[in-house]
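Everything on this sheet refers to the single structure shown next.
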Amino acid sequence: MVGFVVSLTRLCRDKSLGLMPEWPLDLTFFHNLVWNVTAGHGYRQSATYHEPPGIFNETHFEPILLLAAPFYAVVPGLTTLFAVQAGLVSLGAVGVYRLSRSGGALPAFAAGAALLYLSWWPTWRMVMADIRPLTWSIPFLLLCAAALREGKRTETLLWGLIACFSREELPLIVAGLGATAWLWRAGSPEEVRARRGLGVRLATASIIFLVVSTMMRSNATFYIRPDEWVARFFSGDSGDQVDHWGREPGEMLAVRLAFLKQWLVPAGAACLLAPELLIPAIPLFAYLFSQAHEWAGWEGPYIHHSAPAVALVAAAAALGLPRLLTRIPHRRARGAVGALLLLALLGGHRALLESFHETVVLAEIEPWRDQHDEVVEAHRLAALVPPDAVVMSDYGTVHLFSGRQYVYCYEQEEFEPVWPAEGGSPLLPKAEVQPDWALVRLDHGDWRARTGGAGLVQRQQGERWALFGPSP
């Protein structure tokens, strides 16, 4: 787990420093929010205009992000958030171990299953897709499933509650997880009854949490919408439309199937031996295979949408592997087959990681490690901005300034056309505090003209960006 955290933290840091994050604006959003919380400014951020401050006001309900605040207060910086995310996801290994043990696996085999989880490519890819509170639900869903199977009431409800803080849709997933307890027959009749009762309590508490938290929100938003799917089905609308990036539905289906294959090879196929744990993931699979929108994809900046399903597939695989071995009648033969199986699967995981390291990871970390010209220039200009400045930047570099109270992305503001500023008029009319520094791409002439018209003067110019600030 320590090795996982160290490795993934470094990869995520190098990826962001090399201007290669999946979604720079959202990375800025979450960093800016945690910075404001730890600085005593409350649960608020400035990176997007359409997100009013407050836990119950923003587009998504993600208070789990507050788990990072104590660590960030001690060591401020984006790297700390990457470490917290990697650390939380690594805790899922404990849930995998416990689930495997509950299925009858020996401690050594259960530990091997936990290693499989930590070396599973989908686990790595989730952590590397920027800071996403929805990804933070993975360990708590795994721990909740383990505690539920073990019949531990307080722990089950605790992990389920924390998972519900990850995003507004998680109570639906947790409620479905509670329903799986009715399909487990292991143990005495009293243990089975107690586990089923606990599953009912978990499902009931999740639904109550969903209703109450939704009533408290001023901007309730859900992307898991079974009502819309049913209406579309009966209306005859297949939803086969070209998405925002110009991809056809067939192409999107191929991408999703390819990503699903990464889940199932080489260990995830064992999840089919514990299908009851896949039941809570049905809404996610239906969503991800029925929507012709870029935010329903399983790749790129929206990969986190499938994070709860990754947790449930991992949980099912952790339970499915021991079920496979229990079909071998002789104990010694079972142990030998289990050892060989783990070695083969771990070898397969290593081969996949090496393959994806060459084709995916290196492309994302190379700009920083090889110090590409545009990376050096962006960091040189960013270093000239005072730490307490109010900054406006372009989409690709805004995350470099996210550790401060006010930071804005001018491309996100979507002024069309960008009207010229005259006589020191506001650079960003809706901004709570006007920027006094700005990093603008040279090929964005309209924004450079507006920045100059708002009273900022050009302080430095590179090959790709111009840095504006107050008069010296």
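The chains in the structure tokens are called A, B, ... from first to last as shown; in each chain the residues are counted from 1, and the ligands are counted from 1 in the order shown.
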Taking the backbone alone, and naming residues the way the document does, which bits of range 46-187 of chain A are helix (DSSP H, G or I) by DSSP, as a PDB file with N, CA and C atoms, in the first residue's frame?
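The resulting file, out-v7.pdb, is shown below:
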```pdb
ATOM      1  N   PRO A  63     -18.924  16.468  -0.082  1.00  0.00           N
ATOM      2  CA  PRO A  63     -18.231  16.894   1.145  1.00  0.00           C
ATOM      3  C   PRO A  63     -17.127  15.954   1.590  1.00  0.00           C
ATOM      4  N   ILE A  64     -17.002  14.763   0.978  1.00  0.00           N
ATOM      5  CA  ILE A  64     -15.905  13.864   1.332  1.00  0.00           C
ATOM      6  C   ILE A  64     -14.555  14.532   1.110  1.00  0.00           C
ATOM      7  N   LEU A  65     -14.547  15.569   0.276  1.00  0.00           N
ATOM      8  CA  LEU A  65     -13.311  16.291   0.001  1.00  0.00           C
ATOM      9  C   LEU A  65     -12.705  16.872   1.278  1.00  0.00           C
ATOM     10  N   LEU A  66     -13.526  17.090   2.297  1.00  0.00           N
ATOM     11  CA  LEU A  66     -13.033  17.653   3.554  1.00  0.00           C
ATOM     12  C   LEU A  66     -12.068  16.710   4.271  1.00  0.00           C
ATOM     13  N   LEU A  67     -12.050  15.430   3.890  1.00  0.00           N
ATOM     14  CA  LEU A  67     -11.086  14.509   4.483  1.00  0.00           C
ATOM     15  C   LEU A  67      -9.649  14.944   4.221  1.00  0.00           C
ATOM     16  N   ALA A  68      -9.449  15.686   3.138  1.00  0.00           N
ATOM     17  CA  ALA A  68      -8.093  16.117   2.787  1.00  0.00           C
ATOM     18  C   ALA A  68      -7.649  17.332   3.572  1.00  0.00           C
ATOM     19  N   ALA A  69      -8.585  18.072   4.182  1.00  0.00           N
ATOM     20  CA  ALA A  69      -8.248  19.340   4.817  1.00  0.00           C
ATOM     21  C   ALA A  69      -7.189  19.214   5.912  1.00  0.00           C
ATOM     22  N   PRO A  70      -7.274  18.264   6.842  1.00  0.00           N
ATOM     23  CA  PRO A  70      -6.230  18.182   7.884  1.00  0.00           C
ATOM     24  C   PRO A  70      -4.836  17.943   7.315  1.00  0.00           C
ATOM     25  N   PHE A  71      -4.733  17.091   6.308  1.00  0.00           N
ATOM     26  CA  PHE A  71      -3.428  16.816   5.707  1.00  0.00           C
ATOM     27  C   PHE A  71      -2.920  18.033   4.932  1.00  0.00           C
ATOM     28  N   TYR A  72      -3.855  18.704   4.242  1.00  0.00           N
ATOM     29  CA  TYR A  72      -3.468  19.886   3.469  1.00  0.00           C
ATOM     30  C   TYR A  72      -3.031  21.023   4.382  1.00  0.00           C
ATOM     31  N   ALA A  73      -3.642  21.121   5.552  1.00  0.00           N
ATOM     32  CA  ALA A  73      -3.263  22.176   6.496  1.00  0.00           C
ATOM     33  C   ALA A  73      -1.827  22.000   6.969  1.00  0.00           C
ATOM     34  N   VAL A  74      -1.382  20.752   7.044  1.00  0.00           N
ATOM     35  CA  VAL A  74      -0.011  20.473   7.493  1.00  0.00           C
ATOM     36  C   VAL A  74       0.988  20.654   6.351  1.00  0.00           C
ATOM     37  N   LEU A  78      -0.753  20.803  -4.116  1.00  0.00           N
ATOM     38  CA  LEU A  78      -1.519  19.861  -4.922  1.00  0.00           C
ATOM     39  C   LEU A  78      -1.020  18.430  -4.739  1.00  0.00           C
ATOM     40  N   THR A  79       0.275  18.267  -4.482  1.00  0.00           N
ATOM     41  CA  THR A  79       0.820  16.932  -4.271  1.00  0.00           C
ATOM     42  C   THR A  79       0.177  16.262  -3.067  1.00  0.00           C
ATOM     43  N   THR A  80      -0.162  17.035  -2.045  1.00  0.00           N
ATOM     44  CA  THR A  80      -0.827  16.469  -0.874  1.00  0.00           C
ATOM     45  C   THR A  80      -2.178  15.884  -1.244  1.00  0.00           C
ATOM     46  N   LEU A  81      -2.914  16.566  -2.104  1.00  0.00           N
ATOM     47  CA  LEU A  81      -4.211  16.031  -2.539  1.00  0.00           C
ATOM     48  C   LEU A  81      -4.032  14.738  -3.330  1.00  0.00           C
ATOM     49  N   PHE A  82      -3.003  14.684  -4.168  1.00  0.00           N
ATOM     50  CA  PHE A  82      -2.734  13.442  -4.889  1.00  0.00           C
ATOM     51  C   PHE A  82      -2.406  12.309  -3.919  1.00  0.00           C
ATOM     52  N   ALA A  83      -1.622  12.620  -2.877  1.00  0.00           N
ATOM     53  CA  ALA A  83      -1.256  11.604  -1.891  1.00  0.00           C
ATOM     54  C   ALA A  83      -2.472  11.126  -1.111  1.00  0.00           C
ATOM     55  N   VAL A  84      -3.367  12.058  -0.757  1.00  0.00           N
ATOM     56  CA  VAL A  84      -4.582  11.673  -0.037  1.00  0.00           C
ATOM     57  C   VAL A  84      -5.439  10.759  -0.904  1.00  0.00           C
ATOM     58  N   GLN A  85      -5.607  11.097  -2.170  1.00  0.00           N
ATOM     59  CA  GLN A  85      -6.415  10.269  -3.056  1.00  0.00           C
ATOM     60  C   GLN A  85      -5.800   8.885  -3.217  1.00  0.00           C
ATOM     61  N   ALA A  86      -4.492   8.821  -3.450  1.00  0.00           N
ATOM     62  CA  ALA A  86      -3.834   7.528  -3.587  1.00  0.00           C
ATOM     63  C   ALA A  86      -3.916   6.733  -2.289  1.00  0.00           C
ATOM     64  N   GLY A  87      -3.781   7.423  -1.155  1.00  0.00           N
ATOM     65  CA  GLY A  87      -3.867   6.742   0.127  1.00  0.00           C
ATOM     66  C   GLY A  87      -5.243   6.161   0.378  1.00  0.00           C
ATOM     67  N   LEU A  88      -6.278   6.921   0.049  1.00  0.00           N
ATOM     68  CA  LEU A  88      -7.633   6.418   0.243  1.00  0.00           C
ATOM     69  C   LEU A  88      -7.913   5.214  -0.648  1.00  0.00           C
ATOM     70  N   VAL A  89      -7.553   5.315  -1.913  1.00  0.00           N
ATOM     71  CA  VAL A  89      -7.812   4.201  -2.825  1.00  0.00           C
ATOM     72  C   VAL A  89      -7.026   2.964  -2.388  1.00  0.00           C
ATOM     73  N   SER A  90      -5.824   3.171  -1.847  1.00  0.00           N
ATOM     74  CA  SER A  90      -5.041   2.020  -1.382  1.00  0.00           C
ATOM     75  C   SER A  90      -5.744   1.298  -0.241  1.00  0.00           C
ATOM     76  N   GLY A  92      -8.624   0.418  -0.149  1.00  0.00           N
ATOM     77  CA  GLY A  92      -9.489  -0.599  -0.728  1.00  0.00           C
ATOM     78  C   GLY A  92      -8.883  -1.986  -0.651  1.00  0.00           C
ATOM     79  N   ALA A  93      -7.541  -2.063  -0.561  1.00  0.00           N
ATOM     80  CA  ALA A  93      -6.878  -3.358  -0.442  1.00  0.00           C
ATOM     81  C   ALA A  93      -7.305  -4.072   0.837  1.00  0.00           C
ATOM     82  N   VAL A  94      -7.571  -3.302   1.899  1.00  0.00           N
ATOM     83  CA  VAL A  94      -8.034  -3.901   3.151  1.00  0.00           C
ATOM     84  C   VAL A  94      -9.418  -4.518   2.956  1.00  0.00           C
ATOM     85  N   GLY A  95     -10.288  -3.799   2.238  1.00  0.00           N
ATOM     86  CA  GLY A  95     -11.610  -4.346   1.949  1.00  0.00           C
ATOM     87  C   GLY A  95     -11.534  -5.602   1.103  1.00  0.00           C
ATOM     88  N   VAL A  96     -10.645  -5.614   0.110  1.00  0.00           N
ATOM     89  CA  VAL A  96     -10.466  -6.798  -0.727  1.00  0.00           C
ATOM     90  C   VAL A  96      -9.975  -7.968   0.117  1.00  0.00           C
ATOM     91  N   TYR A  97      -9.018  -7.724   0.994  1.00  0.00           N
ATOM     92  CA  TYR A  97      -8.495  -8.775   1.870  1.00  0.00           C
ATOM     93  C   TYR A  97      -9.610  -9.372   2.727  1.00  0.00           C
ATOM     94  N   ARG A  98     -10.401  -8.512   3.326  1.00  0.00           N
ATOM     95  CA  ARG A  98     -11.462  -8.989   4.212  1.00  0.00           C
ATOM     96  C   ARG A  98     -12.540  -9.744   3.446  1.00  0.00           C
ATOM     97  N   LEU A  99     -12.886  -9.266   2.271  1.00  0.00           N
ATOM     98  CA  LEU A  99     -13.884  -9.974   1.461  1.00  0.00           C
ATOM     99  C   LEU A  99     -13.370 -11.351   1.057  1.00  0.00           C
ATOM    100  N   SER A 100     -12.111 -11.409   0.675  1.00  0.00           N
ATOM    101  CA  SER A 100     -11.536 -12.689   0.292  1.00  0.00           C
ATOM    102  C   SER A 100     -11.508 -13.653   1.471  1.00  0.00           C
ATOM    103  N   ARG A 101     -11.169 -13.141   2.644  1.00  0.00           N
ATOM    104  CA  ARG A 101     -11.161 -13.988   3.841  1.00  0.00           C
ATOM    105  C   ARG A 101     -12.568 -14.464   4.187  1.00  0.00           C
ATOM    106  N   SER A 102     -13.546 -13.578   4.020  1.00  0.00           N
ATOM    107  CA  SER A 102     -14.921 -13.974   4.329  1.00  0.00           C
ATOM    108  C   SER A 102     -15.424 -15.057   3.384  1.00  0.00           C
ATOM    109  N   PRO A 107      -5.167 -16.575   4.742  1.00  0.00           N
ATOM    110  CA  PRO A 107      -4.587 -15.215   4.814  1.00  0.00           C
ATOM    111  C   PRO A 107      -3.619 -14.907   3.685  1.00  0.00           C
ATOM    112  N   ALA A 108      -2.770 -15.881   3.320  1.00  0.00           N
ATOM    113  CA  ALA A 108      -1.805 -15.616   2.257  1.00  0.00           C
ATOM    114  C   ALA A 108      -2.507 -15.354   0.930  1.00  0.00           C
ATOM    115  N   PHE A 109      -3.559 -16.125   0.640  1.00  0.00           N
ATOM    116  CA  PHE A 109      -4.294 -15.913  -0.613  1.00  0.00           C
ATOM    117  C   PHE A 109      -5.024 -14.576  -0.583  1.00  0.00           C
ATOM    118  N   ALA A 110      -5.615 -14.235   0.562  1.00  0.00           N
ATOM    119  CA  ALA A 110      -6.322 -12.955   0.674  1.00  0.00           C
ATOM    120  C   ALA A 110      -5.359 -11.792   0.488  1.00  0.00           C
ATOM    121  N   ALA A 111      -4.139 -11.937   1.038  1.00  0.00           N
ATOM    122  CA  ALA A 111      -3.132 -10.891   0.833  1.00  0.00           C
ATOM    123  C   ALA A 111      -2.757 -10.785  -0.636  1.00  0.00           C
ATOM    124  N   GLY A 112      -2.687 -11.919  -1.313  1.00  0.00           N
ATOM    125  CA  GLY A 112      -2.422 -11.893  -2.747  1.00  0.00           C
ATOM    126  C   GLY A 112      -3.532 -11.207  -3.522  1.00  0.00           C
ATOM    127  N   ALA A 113      -4.787 -11.427  -3.102  1.00  0.00           N
ATOM    128  CA  ALA A 113      -5.905 -10.739  -3.747  1.00  0.00           C
ATOM    129  C   ALA A 113      -5.797  -9.233  -3.561  1.00  0.00           C
ATOM    130  N   ALA A 114      -5.349  -8.810  -2.359  1.00  0.00           N
ATOM    131  CA  ALA A 114      -5.161  -7.378  -2.119  1.00  0.00           C
ATOM    132  C   ALA A 114      -4.074  -6.815  -3.021  1.00  0.00           C
ATOM    133  N   LEU A 115      -3.011  -7.591  -3.250  1.00  0.00           N
ATOM    134  CA  LEU A 115      -1.958  -7.152  -4.164  1.00  0.00           C
ATOM    135  C   LEU A 115      -2.481  -7.051  -5.591  1.00  0.00           C
ATOM    136  N   LEU A 116      -3.370  -7.960  -5.964  1.00  0.00           N
ATOM    137  CA  LEU A 116      -3.980  -7.876  -7.289  1.00  0.00           C
ATOM    138  C   LEU A 116      -4.741  -6.569  -7.451  1.00  0.00           C
ATOM    139  N   TYR A 117      -5.477  -6.182  -6.415  1.00  0.00           N
ATOM    140  CA  TYR A 117      -6.218  -4.916  -6.459  1.00  0.00           C
ATOM    141  C   TYR A 117      -5.269  -3.733  -6.623  1.00  0.00           C
ATOM    142  N   LEU A 118      -4.150  -3.752  -5.882  1.00  0.00           N
ATOM    143  CA  LEU A 118      -3.212  -2.631  -5.940  1.00  0.00           C
ATOM    144  C   LEU A 118      -2.442  -2.581  -7.251  1.00  0.00           C
ATOM    145  N   TRP A 121      -4.815  -2.410 -13.310  1.00  0.00           N
ATOM    146  CA  TRP A 121      -4.720  -1.196 -14.113  1.00  0.00           C
ATOM    147  C   TRP A 121      -5.886  -0.233 -13.899  1.00  0.00           C
ATOM    148  N   PRO A 122      -7.159  -0.680 -13.847  1.00  0.00           N
ATOM    149  CA  PRO A 122      -8.246   0.270 -13.583  1.00  0.00           C
ATOM    150  C   PRO A 122      -8.062   1.040 -12.273  1.00  0.00           C
ATOM    151  N   THR A 123      -7.491   0.403 -11.242  1.00  0.00           N
ATOM    152  CA  THR A 123      -7.221   1.112  -9.995  1.00  0.00           C
ATOM    153  C   THR A 123      -6.222   2.231 -10.227  1.00  0.00           C
ATOM    154  N   TRP A 124      -5.153   1.935 -10.937  1.00  0.00           N
ATOM    155  CA  TRP A 124      -4.150   2.954 -11.240  1.00  0.00           C
ATOM    156  C   TRP A 124      -4.760   4.085 -12.077  1.00  0.00           C
ATOM    157  N   ARG A 125      -5.558   3.708 -13.073  1.00  0.00           N
ATOM    158  CA  ARG A 125      -6.097   4.731 -13.974  1.00  0.00           C
ATOM    159  C   ARG A 125      -7.055   5.666 -13.248  1.00  0.00           C
ATOM    160  N   MET A 126      -7.814   5.126 -12.312  1.00  0.00           N
ATOM    161  CA  MET A 126      -8.720   5.970 -11.542  1.00  0.00           C
ATOM    162  C   MET A 126      -7.946   7.021 -10.748  1.00  0.00           C
ATOM    163  N   VAL A 127      -6.870   6.581 -10.104  1.00  0.00           N
ATOM    164  CA  VAL A 127      -6.087   7.505  -9.274  1.00  0.00           C
ATOM    165  C   VAL A 127      -5.403   8.553 -10.138  1.00  0.00           C
ATOM    166  N   PRO A 133     -13.562  13.473  -6.120  1.00  0.00           N
ATOM    167  CA  PRO A 133     -14.192  12.913  -4.917  1.00  0.00           C
ATOM    168  C   PRO A 133     -14.956  11.629  -5.166  1.00  0.00           C
ATOM    169  N   LEU A 134     -15.511  11.455  -6.365  1.00  0.00           N
ATOM    170  CA  LEU A 134     -16.229  10.223  -6.667  1.00  0.00           C
ATOM    171  C   LEU A 134     -15.286   9.015  -6.603  1.00  0.00           C
ATOM    172  N   THR A 135     -14.032   9.216  -6.989  1.00  0.00           N
ATOM    173  CA  THR A 135     -13.041   8.146  -6.890  1.00  0.00           C
ATOM    174  C   THR A 135     -12.791   7.768  -5.439  1.00  0.00           C
ATOM    175  N   TRP A 136     -12.963   8.721  -4.529  1.00  0.00           N
ATOM    176  CA  TRP A 136     -12.699   8.456  -3.116  1.00  0.00           C
ATOM    177  C   TRP A 136     -13.723   7.504  -2.514  1.00  0.00           C
ATOM    178  N   SER A 137     -14.797   7.225  -3.244  1.00  0.00           N
ATOM    179  CA  SER A 137     -15.796   6.281  -2.747  1.00  0.00           C
ATOM    180  C   SER A 137     -15.319   4.839  -2.846  1.00  0.00           C
ATOM    181  N   ILE A 138     -14.314   4.567  -3.666  1.00  0.00           N
ATOM    182  CA  ILE A 138     -13.885   3.190  -3.924  1.00  0.00           C
ATOM    183  C   ILE A 138     -13.542   2.439  -2.639  1.00  0.00           C
ATOM    184  N   PRO A 139     -12.648   2.954  -1.777  1.00  0.00           N
ATOM    185  CA  PRO A 139     -12.301   2.169  -0.583  1.00  0.00           C
ATOM    186  C   PRO A 139     -13.468   1.992   0.373  1.00  0.00           C
ATOM    187  N   PHE A 140     -14.327   2.985   0.482  1.00  0.00           N
ATOM    188  CA  PHE A 140     -15.418   2.906   1.441  1.00  0.00           C
ATOM    189  C   PHE A 140     -16.509   1.943   0.979  1.00  0.00           C
ATOM    190  N   LEU A 141     -16.710   1.822  -0.336  1.00  0.00           N
ATOM    191  CA  LEU A 141     -17.628   0.807  -0.840  1.00  0.00           C
ATOM    192  C   LEU A 141     -17.073  -0.595  -0.576  1.00  0.00           C
ATOM    193  N   LEU A 142     -15.767  -0.773  -0.775  1.00  0.00           N
ATOM    194  CA  LEU A 142     -15.155  -2.068  -0.515  1.00  0.00           C
ATOM    195  C   LEU A 142     -15.211  -2.420   0.968  1.00  0.00           C
ATOM    196  N   LEU A 143     -14.901  -1.457   1.824  1.00  0.00           N
ATOM    197  CA  LEU A 143     -14.941  -1.708   3.268  1.00  0.00           C
ATOM    198  C   LEU A 143     -16.371  -1.941   3.743  1.00  0.00           C
ATOM    199  N   CYS A 144     -17.316  -1.225   3.159  1.00  0.00           N
ATOM    200  CA  CYS A 144     -18.727  -1.403   3.515  1.00  0.00           C
ATOM    201  C   CYS A 144     -19.191  -2.812   3.139  1.00  0.00           C
ATOM    202  N   ALA A 145     -18.811  -3.271   1.944  1.00  0.00           N
ATOM    203  CA  ALA A 145     -19.180  -4.619   1.507  1.00  0.00           C
ATOM    204  C   ALA A 145     -18.571  -5.671   2.423  1.00  0.00           C
ATOM    205  N   ALA A 146     -17.298  -5.458   2.824  1.00  0.00           N
ATOM    206  CA  ALA A 146     -16.633  -6.416   3.711  1.00  0.00           C
ATOM    207  C   ALA A 146     -17.298  -6.455   5.079  1.00  0.00           C
ATOM    208  N   ALA A 147     -17.570  -5.275   5.639  1.00  0.00           N
ATOM    209  CA  ALA A 147     -18.200  -5.226   6.961  1.00  0.00           C
ATOM    210  C   ALA A 147     -19.612  -5.804   6.919  1.00  0.00           C
ATOM    211  N   LEU A 148     -20.334  -5.568   5.836  1.00  0.00           N
ATOM    212  CA  LEU A 148     -21.680  -6.116   5.690  1.00  0.00           C
ATOM    213  C   LEU A 148     -21.637  -7.636   5.657  1.00  0.00           C
ATOM    214  N   ARG A 149     -20.703  -8.191   4.919  1.00  0.00           N
ATOM    215  CA  ARG A 149     -20.605  -9.648   4.841  1.00  0.00           C
ATOM    216  C   ARG A 149     -20.202 -10.243   6.194  1.00  0.00           C
ATOM    217  N   GLU A 150     -19.393  -9.509   6.953  1.00  0.00           N
ATOM    218  CA  GLU A 150     -18.975  -9.972   8.275  1.00  0.00           C
ATOM    219  C   GLU A 150     -20.025  -9.727   9.350  1.00  0.00           C
ATOM    220  N   ARG A 153     -22.314  -4.266  12.287  1.00  0.00           N
ATOM    221  CA  ARG A 153     -23.333  -3.244  12.056  1.00  0.00           C
ATOM    222  C   ARG A 153     -22.769  -1.834  12.034  1.00  0.00           C
ATOM    223  N   THR A 154     -22.085  -1.435  13.103  1.00  0.00           N
ATOM    224  CA  THR A 154     -21.602  -0.051  13.198  1.00  0.00           C
ATOM    225  C   THR A 154     -20.652   0.273  12.056  1.00  0.00           C
ATOM    226  N   GLU A 155     -19.734  -0.647  11.769  1.00  0.00           N
ATOM    227  CA  GLU A 155     -18.758  -0.403  10.712  1.00  0.00           C
ATOM    228  C   GLU A 155     -19.433  -0.335   9.345  1.00  0.00           C
ATOM    229  N   THR A 156     -20.390  -1.192   9.107  1.00  0.00           N
ATOM    230  CA  THR A 156     -21.102  -1.175   7.828  1.00  0.00           C
ATOM    231  C   THR A 156     -21.770   0.173   7.591  1.00  0.00           C
ATOM    232  N   LEU A 157     -22.485   0.650   8.598  1.00  0.00           N
ATOM    233  CA  LEU A 157     -23.189   1.931   8.452  1.00  0.00           C
ATOM    234  C   LEU A 157     -22.211   3.093   8.337  1.00  0.00           C
ATOM    235  N   LEU A 158     -21.073   3.011   9.046  1.00  0.00           N
ATOM    236  CA  LEU A 158     -20.082   4.086   8.978  1.00  0.00           C
ATOM    237  C   LEU A 158     -19.479   4.191   7.581  1.00  0.00           C
ATOM    238  N   TRP A 159     -18.996   3.055   7.045  1.00  0.00           N
ATOM    239  CA  TRP A 159     -18.404   3.109   5.708  1.00  0.00           C
ATOM    240  C   TRP A 159     -19.434   3.513   4.660  1.00  0.00           C
ATOM    241  N   GLY A 160     -20.671   3.039   4.825  1.00  0.00           N
ATOM    242  CA  GLY A 160     -21.721   3.429   3.884  1.00  0.00           C
ATOM    243  C   GLY A 160     -22.002   4.917   3.926  1.00  0.00           C
ATOM    244  N   LEU A 161     -21.998   5.487   5.137  1.00  0.00           N
ATOM    245  CA  LEU A 161     -22.237   6.920   5.285  1.00  0.00           C
ATOM    246  C   LEU A 161     -21.135   7.731   4.618  1.00  0.00           C
ATOM    247  N   ILE A 162     -19.876   7.354   4.862  1.00  0.00           N
ATOM    248  CA  ILE A 162     -18.767   8.100   4.259  1.00  0.00           C
ATOM    249  C   ILE A 162     -18.826   7.996   2.737  1.00  0.00           C
ATOM    250  N   ALA A 163     -19.168   6.820   2.224  1.00  0.00           N
ATOM    251  CA  ALA A 163     -19.292   6.677   0.776  1.00  0.00           C
ATOM    252  C   ALA A 163     -20.364   7.603   0.218  1.00  0.00           C
ATOM    253  N   CYS A 164     -21.457   7.782   0.961  1.00  0.00           N
ATOM    254  CA  CYS A 164     -22.549   8.658   0.500  1.00  0.00           C
ATOM    255  C   CYS A 164     -22.118  10.111   0.403  1.00  0.00           C
ATOM    256  N   LEU A 170     -24.230   8.286  -4.831  1.00  0.00           N
ATOM    257  CA  LEU A 170     -23.709   7.141  -4.073  1.00  0.00           C
ATOM    258  C   LEU A 170     -24.741   6.474  -3.163  1.00  0.00           C
ATOM    259  N   PRO A 171     -25.710   7.199  -2.570  1.00  0.00           N
ATOM    260  CA  PRO A 171     -26.708   6.484  -1.769  1.00  0.00           C
ATOM    261  C   PRO A 171     -27.445   5.397  -2.547  1.00  0.00           C
ATOM    262  N   LEU A 172     -27.649   5.591  -3.851  1.00  0.00           N
ATOM    263  CA  LEU A 172     -28.284   4.548  -4.662  1.00  0.00           C
ATOM    264  C   LEU A 172     -27.399   3.305  -4.736  1.00  0.00           C
ATOM    265  N   ILE A 173     -26.095   3.519  -4.869  1.00  0.00           N
ATOM    266  CA  ILE A 173     -25.161   2.400  -4.932  1.00  0.00           C
ATOM    267  C   ILE A 173     -25.109   1.683  -3.585  1.00  0.00           C
ATOM    268  N   VAL A 174     -25.043   2.459  -2.503  1.00  0.00           N
ATOM    269  CA  VAL A 174     -24.960   1.869  -1.164  1.00  0.00           C
ATOM    270  C   VAL A 174     -26.244   1.108  -0.841  1.00  0.00           C
ATOM    271  N   ALA A 175     -27.383   1.644  -1.242  1.00  0.00           N
ATOM    272  CA  ALA A 175     -28.646   0.944  -1.018  1.00  0.00           C
ATOM    273  C   ALA A 175     -28.655  -0.392  -1.758  1.00  0.00           C
ATOM    274  N   GLY A 176     -28.164  -0.400  -2.976  1.00  0.00           N
ATOM    275  CA  GLY A 176     -28.070  -1.651  -3.717  1.00  0.00           C
ATOM    276  C   GLY A 176     -27.118  -2.634  -3.066  1.00  0.00           C
ATOM    277  N   LEU A 177     -26.055  -2.106  -2.461  1.00  0.00           N
ATOM    278  CA  LEU A 177     -25.121  -2.962  -1.743  1.00  0.00           C
ATOM    279  C   LEU A 177     -25.811  -3.640  -0.561  1.00  0.00           C
ATOM    280  N   GLY A 178     -26.677  -2.893   0.136  1.00  0.00           N
ATOM    281  CA  GLY A 178     -27.420  -3.490   1.236  1.00  0.00           C
ATOM    282  C   GLY A 178     -28.315  -4.621   0.773  1.00  0.00           C
ATOM    283  N   ALA A 179     -28.858  -4.514  -0.428  1.00  0.00           N
ATOM    284  CA  ALA A 179     -29.754  -5.553  -0.947  1.00  0.00           C
ATOM    285  C   ALA A 179     -29.020  -6.859  -1.200  1.00  0.00           C
ATOM    286  N   THR A 180     -27.686  -6.784  -1.464  1.00  0.00           N
ATOM    287  CA  THR A 180     -26.950  -8.017  -1.747  1.00  0.00           C
ATOM    288  C   THR A 180     -26.880  -8.937  -0.532  1.00  0.00           C
ATOM    289  N   ALA A 181     -27.066  -8.387   0.675  1.00  0.00           N
ATOM    290  CA  ALA A 181     -26.997  -9.224   1.876  1.00  0.00           C
ATOM    291  C   ALA A 181     -28.045 -10.332   1.851  1.00  0.00           C
ATOM    292  N   TRP A 182     -29.127 -10.150   1.117  1.00  0.00           N
ATOM    293  CA  TRP A 182     -30.185 -11.158   1.043  1.00  0.00           C
ATOM    294  C   TRP A 182     -29.784 -12.343   0.182  1.00  0.00           C
ATOM    295  N   LEU A 183     -28.672 -12.224  -0.523  1.00  0.00           N
ATOM    296  CA  LEU A 183     -28.228 -13.305  -1.401  1.00  0.00           C
ATOM    297  C   LEU A 183     -27.066 -14.093  -0.814  1.00  0.00           C
TER     298      LEU A 183
END
```
*Give me the residues within 8 Å of Ser425 in chain A as a PyMOL selection string, counting only C-alpha atoms and dropping any in the same chain fewer than 4 places off.*
chain A and resi 421+453-455
Next, the residues of the selection above should be written as a CSV table (one decimal), in the first residue's frame with C-alpha atoms.
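selection.csv written:
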```
chain,number,residue,atom,x,y,z
A,421,ALA,CA,-12.4,46.5,-22.0
A,453,GLY,CA,-7.9,47.2,-21.7
A,454,ALA,CA,-8.7,46.3,-18.1
A,455,GLY,CA,-5.6,48.0,-16.9
```
*To one decimal place, how far is CA of Pro275 in chain A from CA of Gly320 in chain A in Å?*
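Distance between the two atoms: 8.5 Å.
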*Would you kindly return, as a PyMOL selection string, each protein, DNA or RNA residue with an atom no farther than 10 Å from any atom of Thr397 in chain A, considering only C-alpha atoms and excluding same-chain residues fewer than 3 positions away?*
chain A and resi 16-21+24-25+28+375+378-379+382+392-394+400-402+409+439-441
*Which of A:Phe56, A:Trp368, A:Phe259, A:Phe61 sits closest to Met216 in chain A [using only C-alpha atoms]*: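 The closest residue to Met216 in chain A is A:Phe56.
For the choices A:Arg380, A:Leu106, A:Thr38, A:Gly199, the atom-to-atom distance to Gly335 in chain A is smallest for A:Leu106 when using only C-alpha atoms.
Residue neighbourhood of Leu456 in chain A, excluding near-sequence residues (fewer than 3 positions): Asp436, Trp437, Thr451, Gly452, Gly453, Phe468, Gly469, Pro470 and Ser471 of chain A, at 8 Å, using only C-alpha atoms.
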